[in-house]
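J.: Mind having a look at this structure? Questions to follow.
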Amino acid sequence: MGILDGIVKWLAEQVMHGLDLLTTSVLGALGSDMTSFLRYFPAAETLYNVFVALAIGLILLNLVWQLFRNFGLHMGVEAEDPVKLTLRSLLFILIIWFSNDIVDMILKIGGTPYSWILTAELPPISFASFSAVITVILGVVANGAVAIIGLILVLVLAWNYVKLLLEAAERYILLGVLAYTAPVAFATGASQSTGNVFKSWCRMLGGQIFLLVMNAWCLRLFTSMVGNFISNPLFM
């Protein structure tokens, strides 16, 4: 059984060292701003001006079309009030021009609780130490085939933790996409007919920020559990 226990211990240590590497890489890259997003996707900043020009063009095109439809009011064609439409279009053109600053402010506000969660004081954590505690417990309460079951449980735990890390990274990338395509979303708010699209985008942006915060909260819950388990193992 000694050889089997040694193999189980080595495999568990490798799994936990891998989690250490992933945690450092993913959580270190994510944040409340788009610095990491631009580091991996530099073209987003370059193409941002294209979306600004496209958004302003869409607003002007919609303005001309809606004003043209006013000539058909006597034939029963529905159209927006030209004065309100013009003012609304000018307002959203101004918003699009400063959309980068507006989105940065939103991300800063939404990223504040994210930063609080990541900087909160927790018990010191080392996945390798967690692996050592697990193998000690397995050595005390079980051996052989039961130790393999313990390794399987460690693998299941690691797999679910990796999925949570990948989900957090996916949320961050999607948030970056929403941030750098914001001008087009703002363009849909210039008309009543497309106002629902703008409202949906706002809900999506707020939802992604909230989910990113919740991902960080769940990761910190897990790491605090591991750190507390290392500090106060039940069977030590």
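Lettering and numbering for the structure tokens are positional, with chains as A, B, ... in the shown order, residues counted from 1 in each chain, and ligands counted from 1 in the shown order.
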Which polymer residues have any atom within 9 Å of an atom of A:Ala216, counting only C-alpha atoms, with same-chain residues fewer than 3 positions away left out, as a PDB file with C-alpha atoms, in the first residue's frame?
T.:
ATOM      1  CA  LEU A  27      -7.261  36.495 -10.294  1.00  0.00           C
ATOM      2  CA  TYR A 114     -14.939  43.741  -6.529  1.00  0.00           C
ATOM      3  CA  ILE A 117     -13.710  41.435  -2.012  1.00  0.00           C
ATOM      4  CA  LEU A 118     -10.261  40.753  -3.461  1.00  0.00           C
ATOM      5  CA  LEU A 165     -12.120  30.554 -12.538  1.00  0.00           C
ATOM      6  CA  ALA A 168     -14.860  34.617 -14.009  1.00  0.00           C
ATOM      7  CA  LEU A 211     -21.940  38.438 -11.868  1.00  0.00           C
ATOM      8  CA  LEU A 212     -18.227  39.287 -11.987  1.00  0.00           C
ATOM      9  CA  VAL A 213     -18.458  40.519  -8.399  1.00  0.00           C
ATOM     10  CA  LEU A 219     -13.747  32.306  -5.264  1.00  0.00           C
ATOM     11  CA  ARG A 220     -12.898  34.110  -2.043  1.00  0.00           C
ATOM     12  CA  LEU A 221     -15.349  31.908  -0.145  1.00  0.00           C
TER      13      LEU A 221
END
J.: Do you know which residues are at most 7 Å from stretch 170-184 of chain A counting only C-alpha atoms, after dropping those on the same chain fewer than 6 positions away, and could you put them as a PyMOL selection string?
T.: chain A and resi 30+34+37+44+48+51-52+55+96+99+103+205+208+212
J.: What does the distance between atom CA of A:Trp97 and atom CA of A:Pro113 come to in Å, to one decimal place?
T.: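 So the two atoms, atom CA of A:Trp97 and atom CA of A:Pro113, lie 28.0 Å apart.
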J.: Excluding same-chain residues fewer than 4 positions from stretch 192-196 of chain A, what lies within 10 Å of it counting only C-alpha atoms, as JSON, numbers by chain?
T.: {"A": [79, 80, 85, 88, 185, 186, 187, 188, 200, 201, 202]}
J.: Identify which of the residues A:Trp159, A:Gly207, A:Leu153, A:Gly189 lies closest to A:Leu58, counting only C-alpha atoms when measuring atom-to-atom distances.
T.: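 Of the candidates, the smallest distance to A:Leu58 is held by A:Gly189.
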